[in-house]
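S.K.: My structure is in protein25.csv, and what it holds is CSV, C-alpha atoms:
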```
chain,number,residue,atom,x,y,z
A,1,MET,CA,-10.6,37.4,-13.4
A,2,SER,CA,-9.7,34.6,-15.8
A,3,PHE,CA,-6.6,32.6,-15.7
A,4,ASP,CA,-3.7,33.4,-18.0
A,5,LEU,CA,-1.5,30.3,-18.5
A,6,SER,CA,1.1,32.1,-20.6
A,7,SER,CA,1.8,34.6,-17.9
A,8,LEU,CA,2.3,31.7,-15.5
A,9,THR,CA,4.8,29.8,-17.7
A,10,ASP,CA,6.6,33.1,-18.6
A,11,SER,CA,7.0,33.9,-14.9
A,12,LEU,CA,8.2,30.4,-14.1
A,13,ASN,CA,10.7,30.5,-17.0
A,14,THR,CA,12.0,33.9,-15.9
A,15,GLU,CA,12.4,32.8,-12.3
A,16,PHE,CA,13.8,29.3,-13.1
A,17,PRO,CA,15.4,29.3,-16.6
A,18,GLY,CA,14.2,26.3,-18.6
A,19,ALA,CA,11.7,25.3,-15.9
A,20,VAL,CA,8.8,24.5,-18.2
A,21,LYS,CA,10.1,22.2,-21.0
A,22,THR,CA,6.9,21.6,-22.9
A,23,ILE,CA,3.2,22.7,-22.7
A,24,ILE,CA,0.7,20.1,-23.7
A,25,GLU,CA,-2.9,21.1,-24.4
A,26,TYR,CA,-5.3,18.2,-24.9
A,27,ARG,CA,-9.1,18.2,-24.7
A,28,GLY,CA,-9.1,21.2,-22.3
A,29,GLU,CA,-6.4,19.8,-20.1
A,30,THR,CA,-3.1,21.5,-19.6
A,31,THR,CA,0.0,19.6,-18.8
A,32,LEU,CA,3.4,21.3,-18.1
A,33,VAL,CA,6.5,19.1,-18.4
A,34,VAL,CA,8.9,20.7,-15.9
A,35,LEU,CA,12.5,20.3,-15.0
A,36,LYS,CA,13.0,17.6,-12.3
A,37,GLU,CA,15.7,19.6,-10.5
A,38,LYS,CA,13.4,22.6,-10.0
A,39,VAL,CA,10.2,20.8,-9.1
A,40,SER,CA,10.0,21.8,-5.5
A,41,GLU,CA,10.7,25.5,-6.3
A,42,ILE,CA,8.2,25.4,-9.1
A,43,CYS,CA,5.6,23.9,-6.8
A,44,ARG,CA,6.4,26.5,-4.1
A,45,SER,CA,5.9,29.3,-6.6
A,46,LEU,CA,2.6,27.8,-8.0
A,47,LYS,CA,1.2,27.7,-4.4
A,48,ASP,CA,2.5,31.0,-3.1
A,49,ASP,CA,2.3,33.2,-6.3
A,50,PHE,CA,-0.5,31.6,-8.3
A,51,GLY,CA,-2.8,30.2,-5.6
A,52,PHE,CA,-2.6,26.5,-6.4
A,53,THR,CA,-3.2,25.6,-2.8
A,54,PHE,CA,-4.5,22.1,-3.3
A,55,LEU,CA,-2.4,19.1,-4.5
A,56,ALA,CA,-5.2,16.8,-5.8
A,57,ASP,CA,-3.0,13.9,-6.7
A,58,LEU,CA,0.6,12.8,-7.0
A,59,THR,CA,1.5,9.6,-8.8
A,60,ALA,CA,4.0,8.2,-11.3
A,61,VAL,CA,4.2,6.3,-14.6
A,62,ASP,CA,6.7,3.7,-15.7
A,63,TYR,CA,7.6,4.0,-19.4
A,64,LEU,CA,9.9,1.0,-19.5
A,65,GLU,CA,11.2,0.5,-23.1
A,66,VAL,CA,8.7,3.1,-24.3
A,67,LYS,CA,10.8,6.2,-23.8
A,68,THR,CA,13.7,7.5,-21.7
A,69,PRO,CA,13.8,8.8,-19.0
A,70,ARG,CA,12.0,5.8,-17.7
A,71,TYR,CA,9.7,7.4,-15.1
A,72,GLU,CA,7.4,10.4,-14.9
A,73,VAL,CA,6.2,11.8,-11.6
A,74,VAL,CA,2.8,13.4,-12.1
A,75,TYR,CA,1.3,16.2,-10.0
A,76,HIS,CA,-2.3,17.4,-10.3
A,77,VAL,CA,-2.7,20.8,-8.7
A,78,HIS,CA,-5.8,22.8,-8.2
A,79,ARG,CA,-6.6,26.5,-7.7
A,80,PHE,CA,-9.9,27.4,-6.1
A,81,GLY,CA,-11.6,30.5,-7.3
A,82,PRO,CA,-14.8,32.3,-6.2
A,83,GLU,CA,-16.3,31.8,-9.7
A,84,PHE,CA,-16.8,28.4,-11.4
A,85,ASP,CA,-14.4,29.2,-14.3
A,86,GLU,CA,-11.8,30.4,-11.9
A,87,ASN,CA,-11.4,26.8,-10.6
A,88,ILE,CA,-8.3,25.7,-12.4
A,89,ARG,CA,-6.6,22.4,-12.5
A,90,ILE,CA,-3.2,21.8,-14.2
A,91,ARG,CA,-1.0,18.8,-14.4
A,92,LEU,CA,2.8,18.9,-13.9
A,93,LYS,CA,5.1,16.1,-15.1
A,94,ALA,CA,8.7,15.6,-14.1
A,95,GLU,CA,10.8,13.1,-15.9
A,96,VAL,CA,12.9,10.9,-13.7
A,97,GLU,CA,15.8,8.6,-14.8
A,98,GLY,CA,15.6,4.8,-14.5
A,99,LYS,CA,18.7,4.2,-12.5
A,100,GLU,CA,18.3,5.1,-8.8
A,101,PRO,CA,15.3,7.4,-9.4
A,102,THR,CA,15.2,10.3,-7.1
A,103,ILE,CA,13.2,13.6,-7.0
A,104,ASP,CA,12.7,16.4,-4.5
A,105,SER,CA,9.8,16.0,-2.1
A,106,VAL,CA,7.0,18.5,-2.3
A,107,THR,CA,5.8,17.7,1.3
A,108,PRO,CA,7.1,21.1,2.5
A,109,VAL,CA,4.8,22.8,0.0
A,110,TRP,CA,1.7,20.7,0.4
A,111,SER,CA,1.7,18.5,3.5
A,112,GLY,CA,-0.9,16.3,1.8
A,113,ALA,CA,2.0,15.0,-0.4
A,114,ASP,CA,3.3,12.9,2.5
A,115,TRP,CA,1.3,9.7,2.0
A,116,LEU,CA,1.1,10.1,-1.8
A,117,GLU,CA,4.9,10.2,-2.1
A,118,ARG,CA,5.1,7.2,0.2
A,119,GLU,CA,2.8,5.3,-2.1
A,120,VAL,CA,4.9,6.2,-5.1
A,121,TYR,CA,8.0,5.1,-3.3
A,122,ASP,CA,6.3,1.9,-2.3
A,123,MET,CA,5.0,1.0,-5.7
A,124,PHE,CA,7.7,2.5,-8.1
A,125,GLY,CA,10.8,2.8,-5.9
A,126,ILE,CA,11.2,6.5,-6.6
A,127,GLU,CA,13.0,8.2,-3.7
A,128,PHE,CA,11.8,11.6,-2.6
A,129,THR,CA,14.7,13.6,-1.1
A,130,GLY,CA,13.6,15.7,1.9
A,131,HIS,CA,10.5,13.5,2.7
A,132,PRO,CA,10.0,13.4,6.5
A,133,ASP,CA,9.2,9.7,6.7
A,134,LEU,CA,9.8,7.7,3.6
A,135,ARG,CA,8.6,4.2,4.4
A,136,ARG,CA,6.4,1.7,2.6
A,137,ILE,CA,2.7,2.4,3.1
A,138,LEU,CA,0.7,-0.4,1.4
A,139,MET,CA,3.2,-3.3,1.2
A,140,PRO,CA,4.8,-4.9,4.2
A,141,ASP,CA,7.9,-3.1,5.6
A,142,ASP,CA,10.3,-5.9,4.6
A,143,TYR,CA,8.9,-6.3,1.1
A,144,GLU,CA,11.6,-6.0,-1.5
A,145,PRO,CA,10.2,-5.5,-5.0
A,146,PHE,CA,8.3,-2.5,-6.4
A,147,PRO,CA,5.0,-3.9,-7.7
A,148,LEU,CA,4.0,-1.2,-10.2
A,149,ARG,CA,7.3,-1.3,-12.1
A,150,LYS,CA,6.6,-2.7,-15.6
A,151,ASP,CA,9.4,-5.3,-15.2
A,152,PHE,CA,7.7,-6.8,-12.1
A,153,ASP,CA,5.7,-10.0,-12.5
A,154,VAL,CA,2.4,-9.2,-10.9
A,155,ARG,CA,1.6,-12.9,-10.3
A,156,ASN,CA,4.8,-13.4,-8.3
A,157,ARG,CA,3.7,-14.0,-4.7
A,158,GLU,CA,7.1,-15.1,-3.4
A,159,ALA,CA,8.0,-11.8,-1.7
A,160,SER,CA,4.6,-11.4,-0.1
A,161,LYS,CA,4.8,-15.0,1.2
A,162,ARG,CA,8.2,-14.3,2.7
A,163,SER,CA,7.0,-11.2,4.6
A,164,PHE,CA,3.9,-13.1,5.8
A,165,GLU,CA,6.0,-16.1,7.1
A,166,LYS,CA,8.4,-13.7,8.9
A,167,GLU,CA,5.3,-12.0,10.5
A,168,LEU,CA,4.1,-15.4,11.7
A,169,GLU,CA,7.5,-16.3,13.1
A,170,ARG,CA,7.4,-13.1,15.1
A,171,GLY,CA,4.4,-14.5,17.0
A,172,THR,CA,0.7,-14.2,16.6
A,173,GLU,CA,-0.4,-13.7,20.1
B,174,MET,CA,-46.2,-26.9,32.4
B,175,GLY,CA,-42.7,-27.9,31.3
B,176,VAL,CA,-41.2,-31.3,31.4
B,177,ASN,CA,-43.6,-32.7,34.0
B,178,SER,CA,-46.6,-32.2,31.9
B,179,THR,CA,-45.1,-33.5,28.6
B,180,PRO,CA,-47.2,-36.6,27.9
B,181,LEU,CA,-44.4,-38.3,25.9
B,182,LEU,CA,-42.1,-38.4,28.9
B,183,GLY,CA,-44.8,-39.3,31.3
B,184,GLY,CA,-45.1,-37.9,34.8
B,185,ASP,CA,-41.6,-37.2,36.2
B,186,GLY,CA,-39.8,-37.1,32.8
B,187,PHE,CA,-36.1,-37.6,32.5
B,188,ILE,CA,-33.5,-37.8,29.7
B,189,THR,CA,-30.4,-40.0,29.5
B,190,THR,CA,-27.4,-38.7,27.6
B,191,THR,CA,-23.7,-38.3,27.9
B,192,ILE,CA,-21.9,-35.2,29.0
B,193,GLU,CA,-20.2,-35.0,25.6
B,194,SER,CA,-23.3,-35.2,23.4
B,195,PHE,CA,-25.1,-32.8,25.8
B,196,ALA,CA,-22.2,-30.3,25.5
B,197,ASN,CA,-22.1,-30.7,21.7
B,198,TRP,CA,-25.9,-30.2,21.5
B,199,GLY,CA,-25.4,-26.9,23.4
B,200,ARG,CA,-22.4,-25.9,21.2
B,201,LYS,CA,-24.3,-26.6,18.0
B,202,ASN,CA,-27.2,-24.4,19.0
B,203,SER,CA,-25.3,-21.5,20.3
B,204,LEU,CA,-22.6,-20.7,17.7
B,205,TRP,CA,-21.2,-17.3,18.1
B,206,PRO,CA,-19.7,-16.0,14.9
B,207,MET,CA,-16.6,-13.8,14.6
B,208,PRO,CA,-17.2,-11.8,11.4
B,209,PHE,CA,-13.9,-11.2,9.5
B,210,GLY,CA,-15.2,-9.1,6.6
B,211,THR,CA,-12.7,-7.3,4.3
B,212,ALA,CA,-14.6,-6.8,1.0
B,213,CYS,CA,-18.0,-7.1,-0.8
B,214,CYS,CA,-18.8,-10.5,0.7
B,215,ALA,CA,-18.9,-8.8,4.1
B,216,ILE,CA,-21.9,-6.8,2.9
B,217,GLU,CA,-23.7,-10.0,2.0
B,218,MET,CA,-22.7,-11.4,5.4
B,219,MET,CA,-24.4,-8.4,7.1
B,220,GLY,CA,-27.5,-9.4,5.2
B,221,VAL,CA,-27.2,-12.8,6.7
B,222,PHE,CA,-27.1,-11.3,10.2
B,223,ALA,CA,-29.9,-8.8,9.5
B,224,SER,CA,-33.6,-9.2,9.9
B,225,ARG,CA,-34.5,-10.7,6.5
B,226,PHE,CA,-32.3,-13.8,6.9
B,227,ASP,CA,-31.7,-13.5,10.6
B,228,LEU,CA,-28.9,-15.9,11.6
B,229,SER,CA,-30.2,-15.5,15.2
B,230,ARG,CA,-32.7,-18.2,14.4
B,231,PHE,CA,-29.9,-20.7,14.6
B,232,GLY,CA,-28.7,-19.5,18.0
B,233,ALA,CA,-25.9,-17.8,16.2
B,234,GLU,CA,-26.6,-14.5,17.9
B,235,VAL,CA,-25.6,-11.0,17.0
B,236,ALA,CA,-22.0,-11.1,15.9
B,237,ARG,CA,-19.7,-9.1,18.0
B,238,PHE,CA,-16.1,-8.2,17.2
B,239,SER,CA,-14.5,-10.0,20.1
B,240,PRO,CA,-12.6,-13.2,19.3
B,241,ARG,CA,-12.7,-14.2,23.0
B,242,GLN,CA,-16.5,-14.6,22.8
B,243,ALA,CA,-16.6,-16.3,19.4
B,244,ASP,CA,-16.3,-19.9,18.3
B,245,LEU,CA,-17.1,-19.6,14.6
B,246,MET,CA,-15.0,-17.4,12.3
B,247,ILE,CA,-16.6,-16.3,9.1
B,248,VAL,CA,-13.9,-15.0,6.8
B,249,SER,CA,-15.6,-13.1,4.0
B,250,GLY,CA,-13.6,-11.0,1.5
B,251,THR,CA,-10.3,-10.8,-0.2
B,252,ILE,CA,-7.4,-11.6,2.1
B,253,THR,CA,-4.0,-10.1,1.3
B,254,TYR,CA,-0.8,-11.4,2.8
B,255,LYS,CA,-0.6,-8.2,4.9
B,256,MET,CA,-4.1,-8.9,6.3
B,257,ALA,CA,-3.5,-12.6,6.7
B,258,SER,CA,-1.3,-12.2,9.8
B,259,VAL,CA,-4.1,-10.2,11.4
B,260,CYS,CA,-6.7,-12.8,10.4
B,261,ARG,CA,-4.5,-15.6,11.8
B,262,ARG,CA,-3.9,-13.6,15.1
B,263,ILE,CA,-7.7,-13.2,15.6
B,264,TYR,CA,-8.2,-16.9,14.9
B,265,ASP,CA,-5.5,-17.8,17.5
B,266,GLN,CA,-7.2,-15.6,20.1
B,267,MET,CA,-10.5,-17.5,19.8
B,268,PRO,CA,-11.0,-20.2,22.5
B,269,GLU,CA,-11.2,-23.8,21.5
B,270,PRO,CA,-13.3,-25.5,20.2
B,271,LYS,CA,-13.7,-23.3,17.0
B,272,TRP,CA,-14.7,-23.6,13.4
B,273,VAL,CA,-14.0,-21.6,10.2
B,274,ILE,CA,-16.3,-20.8,7.3
B,275,ALA,CA,-14.5,-19.5,4.1
B,276,MET,CA,-17.1,-17.3,2.4
B,277,GLY,CA,-16.8,-16.4,-1.2
B,278,SER,CA,-14.5,-17.0,-4.1
B,279,CYS,CA,-11.7,-14.7,-2.9
B,280,THR,CA,-11.5,-16.3,0.5
B,281,CYS,CA,-11.7,-19.9,-0.9
B,282,GLY,CA,-9.2,-19.4,-3.7
B,283,GLY,CA,-8.2,-15.9,-4.4
B,284,GLY,CA,-11.1,-15.2,-6.7
B,285,PRO,CA,-10.2,-13.1,-9.7
B,286,PHE,CA,-7.1,-11.7,-8.0
B,287,ASP,CA,-4.2,-13.8,-9.2
B,288,SER,CA,-1.8,-11.1,-8.0
B,289,TYR,CA,1.3,-10.4,-5.9
B,290,ALA,CA,-0.6,-9.5,-2.8
B,291,VAL,CA,-3.6,-11.7,-2.5
B,292,VAL,CA,-3.6,-15.1,-0.6
B,293,GLN,CA,-4.9,-17.8,-3.0
B,294,GLY,CA,-7.2,-19.3,-0.4
B,295,ILE,CA,-7.2,-18.9,3.3
B,296,ASP,CA,-6.5,-22.6,3.8
B,297,GLU,CA,-2.8,-21.5,3.3
B,298,PHE,CA,-2.9,-20.4,7.0
B,299,LEU,CA,-6.3,-21.4,8.6
B,300,PRO,CA,-8.0,-24.8,9.0
B,301,VAL,CA,-11.3,-24.3,7.0
B,302,ASP,CA,-14.4,-26.4,7.9
B,303,VAL,CA,-16.8,-25.2,5.2
B,304,TYR,CA,-16.2,-23.4,1.9
B,305,VAL,CA,-19.0,-21.3,0.4
B,306,GLY,CA,-18.6,-20.6,-3.3
B,307,GLY,CA,-20.0,-17.6,-5.1
B,308,CYS,CA,-19.1,-14.0,-5.8
B,309,PRO,CA,-20.7,-13.1,-3.5
B,310,PRO,CA,-22.7,-16.1,-2.2
B,311,ARG,CA,-26.4,-15.7,-1.5
B,312,PRO,CA,-27.3,-15.5,2.2
B,313,GLU,CA,-29.0,-18.9,1.9
B,314,ALA,CA,-25.6,-20.4,1.0
B,315,VAL,CA,-24.1,-19.0,4.2
B,316,ILE,CA,-27.0,-20.3,6.3
B,317,ASP,CA,-26.4,-23.7,4.6
B,318,ALA,CA,-22.7,-23.4,5.7
B,319,VAL,CA,-23.8,-22.7,9.3
B,320,MET,CA,-26.1,-25.7,9.2
B,321,LYS,CA,-23.2,-27.9,7.8
B,322,ILE,CA,-21.1,-26.7,10.8
B,323,GLN,CA,-24.0,-27.6,13.1
B,324,LYS,CA,-24.1,-31.1,11.5
B,325,LYS,CA,-20.4,-31.4,11.9
B,326,ILE,CA,-20.5,-30.5,15.6
B,327,GLU,CA,-23.4,-32.9,16.2
B,328,LEU,CA,-21.6,-35.8,14.5
B,329,GLN,CA,-18.0,-35.2,15.4
B,330,GLY,CA,-18.2,-32.7,18.3
B,331,ALA,CA,-15.3,-31.8,20.3
B,332,PRO,CA,-13.9,-33.4,23.4
B,333,VAL,CA,-15.2,-32.0,26.7
B,334,VAL,CA,-12.1,-31.1,28.8
```
I'd like the structure from this file rewritten - as C-alpha cells, please.
M.R.:
Amino acid sequence: MSFDLSSLTDSLNTEFPGAVKTIIEYRGETTLVVLKEKVSEICRSLKDDFGFTFLADLTAVDYLEVKTPRYEVVYHVHRFGPEFDENIRIRLKAEVEGKEPTIDSVTPVWSGADWLEREVYDMFGIEFTGHPDLRRILMPDDYEPFPLRKDFDVRNREASKRSFEKELERGTE
Amino acid sequence: MGVNSTPLLGGDGFITTTIESFANWGRKNSLWPMPFGTACCAIEMMGVFASRFDLSRFGAEVARFSPRQADLMIVSGTITYKMASVCRRIYDQMPEPKWVIAMGSCTCGGGPFDSYAVVQGIDEFLPVDVYVGGCPPRPEAVIDAVMKIQKKIELQGAPVV
C-alpha cells in the first residue's frame, strides 16, 4: 500500500473547501500550505483518517519585511507504516498575520504539541487558542519581548537582567 | 613512630602556631568543591575529578552536590540569567568561608554568546576568586586554579569565629 498524496488533498479540499492552498514538492519533501482557520480540523482529519499519529515538530518562522502574512506556523507530521516506504512525513504550513498573531491549538489532536506550542508562544508571541496552559517555557515568566522575532535585538540583555533582579529581590534562600 | 620518633623535632616534639594559621592550614588542605556545571566545561571538570587528574590529591575530595558541605564553588559552563538565580541561591547556601572558581570563557565573560539570555561573566552576581580561561580549559588549568585558591587561603585565610 503506497501513499497517495492527491487523494489526501482532494479529501481535505472536499471536506474543508479551500483547505489546501498550495502544494510544494521539493527534493522529495511535500509541503501543504493550509488555511489557518481550518488547521485544527485538518490536523484532526490527518490523524484520524490518514494515520498521521505523530507530530514530529511544531515551530514558526518570522518573515518580517519578506512577505505578508508575517508568520508561518510549521507542522511536521509523520505516519508510521509496516513497510519502510510507508513511513511518510509531510509538512504543513499555516500563514499567520503579524498583528496579534493567533492560531488554533492542535494540543487536542496531538498532546505532544503542548510544550512545542508553548515554545512558539515564548519565542514568537503567537497565541494558540484552546491551549490548556499557555505560559512561557524557556524565558522567565515576567520576560516581555519575544526573542525570535526578527525585529528583536538579540544582544539586548535589559529584559533578562530585569527578570533576574526581580528574582533576586524575591529572596535567594 | 609518629612525632616522637621524628629526629628533626627531637624526643617530645611540639609545634607552635596560632589558631588562625592552624585553621587555615586545615582549610587549605581540605577544600570541598561544589560543582556547578551547566555545559561542556562541566565534562572537563569531571575529568579533573576523575582518576587521571584526581583532584583528591589536593584534599579536594569527591565533589558532592550539597552546598551545605562545600566551601569551593566551581562554576563551569554557560550561565543564563534564568540559571543565575539558581547559581546565586546555591552560593548563598554554602557556609562561610567560601571561594569561587569561574571555569571557562562562558563563565568568565559570556564566551561566544553575546546574546539576550547569557550572563556576560558570573562576576555580575558572584564574588569570583580565580578565573580560568579557555574553551574548555585543560584540567591542569583547573588544578592550577585550586592551587591558587590554596595559596590565597594560606596567605589571607579567613577569620576564625
S.K.: With distances taken over only C-alpha atoms, which of B:Gly277, B:Gly199, B:Gly330, B:Gly186 is nearest to B:Val303?
M.R.: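 Using only C-alpha atoms, the shortest distance to B:Val303 belongs to B:Gly277.
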S.K.: Select from stretch 138-172 of chain A every residue with an atom at most 12 Å from any atom of stretch 66-75 of chain A, then for each give the shortest pair of atoms and their distance in Å to one decimal, using all atoms listed in the file, rows by chain and rising number, as JSON lines.
M.R.:
```
{"residue": "A:Leu148", "atom": "CA", "partner": "A:Tyr71", "partner_atom": "CA", "distance": 11.4}
{"residue": "A:Arg149", "atom": "CA", "partner": "A:Tyr71", "partner_atom": "CA", "distance": 9.5}
{"residue": "A:Lys150", "atom": "CA", "partner": "A:Arg70", "partner_atom": "CA", "distance": 10.3}
{"residue": "A:Asp151", "atom": "CA", "partner": "A:Arg70", "partner_atom": "CA", "distance": 11.7}
```
S.K.: Please return, as a list in words, all residues of chain A lying within 9 Å of chain B when all atoms listed in the file are considered.
M.R.: Leu138, Met139, Pro140, Pro147, Asp153, Val154, Arg155, Asn156, Arg157, Glu158, Ala159, Ser160, Lys161, Ser163, Phe164, Glu165, Glu167, Leu168, Gly171, Thr172 and Glu173 of chain A
S.K.: Atom CA of B:Arg311 to atom CA of B:Gln242: how many Å, to one decimal?
M.R.: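 Atom CA of B:Gln242 lies 26.3 Å from atom CA of B:Arg311.
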S.K.: Quote the spacing between atom CA of A:Asp48 and atom CA of A:Ile126 in Å to one decimal place.
M.R.: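 Distance reported for this atom pair: 26.2 Å.
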S.K.: With a distance cut-off of 10 Å and all atoms listed in the file, select the neighbouring residues of stretch 203-220 of chain B, excluding the residue or stretch itself and same-chain residues fewer than 5 positions from it, and output the selection as a PyMOL selection string.
M.R.: chain B and resi 197-198+225-229+231-253+256+260+263-264+267+271-280+307-312+315-316+319+322-323
S.K.: Find the residues around stretch 4-15 of chain A up to 8 Å (all atoms listed in the file counted), leave out those fewer than 4 positions away in its own chain, and share them as a PyMOL selection string.
M.R.: chain A and resi 19-20+42+45+50
S.K.: Of the residues A:Arg89, A:Leu64, A:Tyr143, A:Leu55, which is the one nearest to A:Asp114, using only C-alpha atoms?
M.R.: A:Leu55
S.K.: In the coordinate frame of the file, compute which residues have an atom within 12 Å of (8.5, 29.7, -2.2) when using all atoms listed in the file, and state them as a list in words.
M.R.: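 Residues found, by chain and rising number: Leu12, Glu15, Lys38, Val39, Ser40, Glu41, Ile42, Cys43, Arg44, Ser45, Leu46, Lys47, Asp48, Asp49, Phe50, Gly51, Val106, Pro108, Val109 and Trp110 of chain A.
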S.K.: Which of these, B:Glu313, B:Met320, B:Pro332, B:Gly306, has the shortest distance to B:Lys201 once you count all atoms listed in the file?
M.R.: B:Met320
S.K.: Mind pulling up the distance from atom CA of B:Ser224 to atom CA of B:Val305?
M.R.: 21.2 Å
S.K.: Between A:Thr107, A:Asn87, A:Thr22, A:Thr53, which residue has the minimum interatomic distance to A:Leu134, considering all atoms listed in the file?
M.R.: A:Thr107
S.K.: Using only C-alpha atoms, which of the listed residues (A:Ala113, A:Ala56, A:Val33, A:Ile103) sits closest to A:Arg79?
M.R.: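 That would be A:Ala56, the residue with the smallest distance to A:Arg79.
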S.K.: Let me make sure I understand: among A:Arg91, A:Asp62, A:Lys36, A:Asp57, which one has the smallest atom-to-atom distance to A:Met123 if we use only C-alpha atoms?
M.R.: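 Ranked by minimum distance to A:Met123, first place goes to A:Asp62.
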S.K.: Start from the incomplete input, build N, CA, C and O atoms for stretch 241-258 of chain B, and deliver everything as a PDB file, in the coordinates of the input.
M.R.:
```pdb
ATOM      1  N   ARG B 241     -12.622 -13.405  21.753  1.00  0.00           N
ATOM      2  CA  ARG B 241     -12.700 -14.200  23.000  1.00  0.00           C
ATOM      3  C   ARG B 241     -14.093 -14.748  23.232  1.00  0.00           C
ATOM      4  O   ARG B 241     -14.272 -15.665  23.997  1.00  0.00           O
ATOM      5  N   GLN B 242     -15.096 -14.149  22.591  1.00  0.00           N
ATOM      6  CA  GLN B 242     -16.500 -14.600  22.800  1.00  0.00           C
ATOM      7  C   GLN B 242     -16.995 -15.398  21.623  1.00  0.00           C
ATOM      8  O   GLN B 242     -18.174 -15.685  21.560  1.00  0.00           O
ATOM      9  N   ALA B 243     -16.119 -15.738  20.671  1.00  0.00           N
ATOM     10  CA  ALA B 243     -16.600 -16.300  19.400  1.00  0.00           C
ATOM     11  C   ALA B 243     -16.047 -17.755  19.270  1.00  0.00           C
ATOM     12  O   ALA B 243     -14.981 -18.089  19.785  1.00  0.00           O
ATOM     13  N   ASP B 244     -16.827 -18.592  18.574  1.00  0.00           N
ATOM     14  CA  ASP B 244     -16.300 -19.900  18.300  1.00  0.00           C
ATOM     15  C   ASP B 244     -16.464 -20.278  16.791  1.00  0.00           C
ATOM     16  O   ASP B 244     -16.124 -21.365  16.385  1.00  0.00           O
ATOM     17  N   LEU B 245     -17.003 -19.344  16.011  1.00  0.00           N
ATOM     18  CA  LEU B 245     -17.100 -19.600  14.600  1.00  0.00           C
ATOM     19  C   LEU B 245     -16.614 -18.383  13.826  1.00  0.00           C
ATOM     20  O   LEU B 245     -17.139 -17.286  13.968  1.00  0.00           O
ATOM     21  N   MET B 246     -15.549 -18.573  13.042  1.00  0.00           N
ATOM     22  CA  MET B 246     -15.000 -17.400  12.300  1.00  0.00           C
ATOM     23  C   MET B 246     -15.528 -17.494  10.875  1.00  0.00           C
ATOM     24  O   MET B 246     -15.416 -18.520  10.209  1.00  0.00           O
ATOM     25  N   ILE B 247     -16.162 -16.404  10.449  1.00  0.00           N
ATOM     26  CA  ILE B 247     -16.600 -16.300   9.100  1.00  0.00           C
ATOM     27  C   ILE B 247     -15.696 -15.337   8.339  1.00  0.00           C
ATOM     28  O   ILE B 247     -15.767 -14.129   8.558  1.00  0.00           O
ATOM     29  N   VAL B 248     -14.796 -15.878   7.532  1.00  0.00           N
ATOM     30  CA  VAL B 248     -13.900 -15.000   6.800  1.00  0.00           C
ATOM     31  C   VAL B 248     -14.553 -14.695   5.452  1.00  0.00           C
ATOM     32  O   VAL B 248     -14.816 -15.594   4.649  1.00  0.00           O
ATOM     33  N   SER B 249     -14.885 -13.425   5.243  1.00  0.00           N
ATOM     34  CA  SER B 249     -15.600 -13.100   4.000  1.00  0.00           C
ATOM     35  C   SER B 249     -14.873 -11.882   3.365  1.00  0.00           C
ATOM     36  O   SER B 249     -14.824 -10.807   3.930  1.00  0.00           O
ATOM     37  N   GLY B 250     -14.307 -12.111   2.197  1.00  0.00           N
ATOM     38  CA  GLY B 250     -13.600 -11.000   1.500  1.00  0.00           C
ATOM     39  C   GLY B 250     -12.208 -11.404   1.126  1.00  0.00           C
ATOM     40  O   GLY B 250     -11.654 -12.370   1.645  1.00  0.00           O
ATOM     41  N   THR B 251     -11.635 -10.590   0.251  1.00  0.00           N
ATOM     42  CA  THR B 251     -10.300 -10.800  -0.200  1.00  0.00           C
ATOM     43  C   THR B 251      -9.284 -10.707   0.945  1.00  0.00           C
ATOM     44  O   THR B 251      -9.319  -9.727   1.683  1.00  0.00           O
ATOM     45  N   ILE B 252      -8.428 -11.697   1.097  1.00  0.00           N
ATOM     46  CA  ILE B 252      -7.400 -11.600   2.100  1.00  0.00           C
ATOM     47  C   ILE B 252      -6.046 -11.447   1.479  1.00  0.00           C
ATOM     48  O   ILE B 252      -5.617 -12.278   0.682  1.00  0.00           O
ATOM     49  N   THR B 253      -5.387 -10.341   1.803  1.00  0.00           N
ATOM     50  CA  THR B 253      -4.000 -10.100   1.300  1.00  0.00           C
ATOM     51  C   THR B 253      -3.033 -10.686   2.315  1.00  0.00           C
ATOM     52  O   THR B 253      -3.394 -10.966   3.465  1.00  0.00           O
ATOM     53  N   TYR B 254      -1.782 -10.836   1.877  1.00  0.00           N
ATOM     54  CA  TYR B 254      -0.800 -11.400   2.800  1.00  0.00           C
ATOM     55  C   TYR B 254      -0.589 -10.462   3.999  1.00  0.00           C
ATOM     56  O   TYR B 254      -0.313 -10.923   5.100  1.00  0.00           O
ATOM     57  N   LYS B 255      -0.740  -9.145   3.781  1.00  0.00           N
ATOM     58  CA  LYS B 255      -0.600  -8.200   4.900  1.00  0.00           C
ATOM     59  C   LYS B 255      -1.716  -8.393   5.905  1.00  0.00           C
ATOM     60  O   LYS B 255      -1.513  -8.277   7.117  1.00  0.00           O
ATOM     61  N   MET B 256      -2.920  -8.677   5.400  1.00  0.00           N
ATOM     62  CA  MET B 256      -4.100  -8.900   6.300  1.00  0.00           C
ATOM     63  C   MET B 256      -4.056 -10.272   6.891  1.00  0.00           C
ATOM     64  O   MET B 256      -4.620 -10.474   7.980  1.00  0.00           O
ATOM     65  N   ALA B 257      -3.407 -11.229   6.217  1.00  0.00           N
ATOM     66  CA  ALA B 257      -3.500 -12.600   6.700  1.00  0.00           C
ATOM     67  C   ALA B 257      -2.929 -12.798   8.077  1.00  0.00           C
ATOM     68  O   ALA B 257      -3.491 -13.565   8.866  1.00  0.00           O
ATOM     69  N   SER B 258      -1.870 -12.057   8.430  1.00  0.00           N
ATOM     70  CA  SER B 258      -1.300 -12.200   9.800  1.00  0.00           C
ATOM     71  C   SER B 258      -2.312 -11.733  10.826  1.00  0.00           C
ATOM     72  O   SER B 258      -2.388 -12.283  11.927  1.00  0.00           O
TER      73      SER B 258
END
```
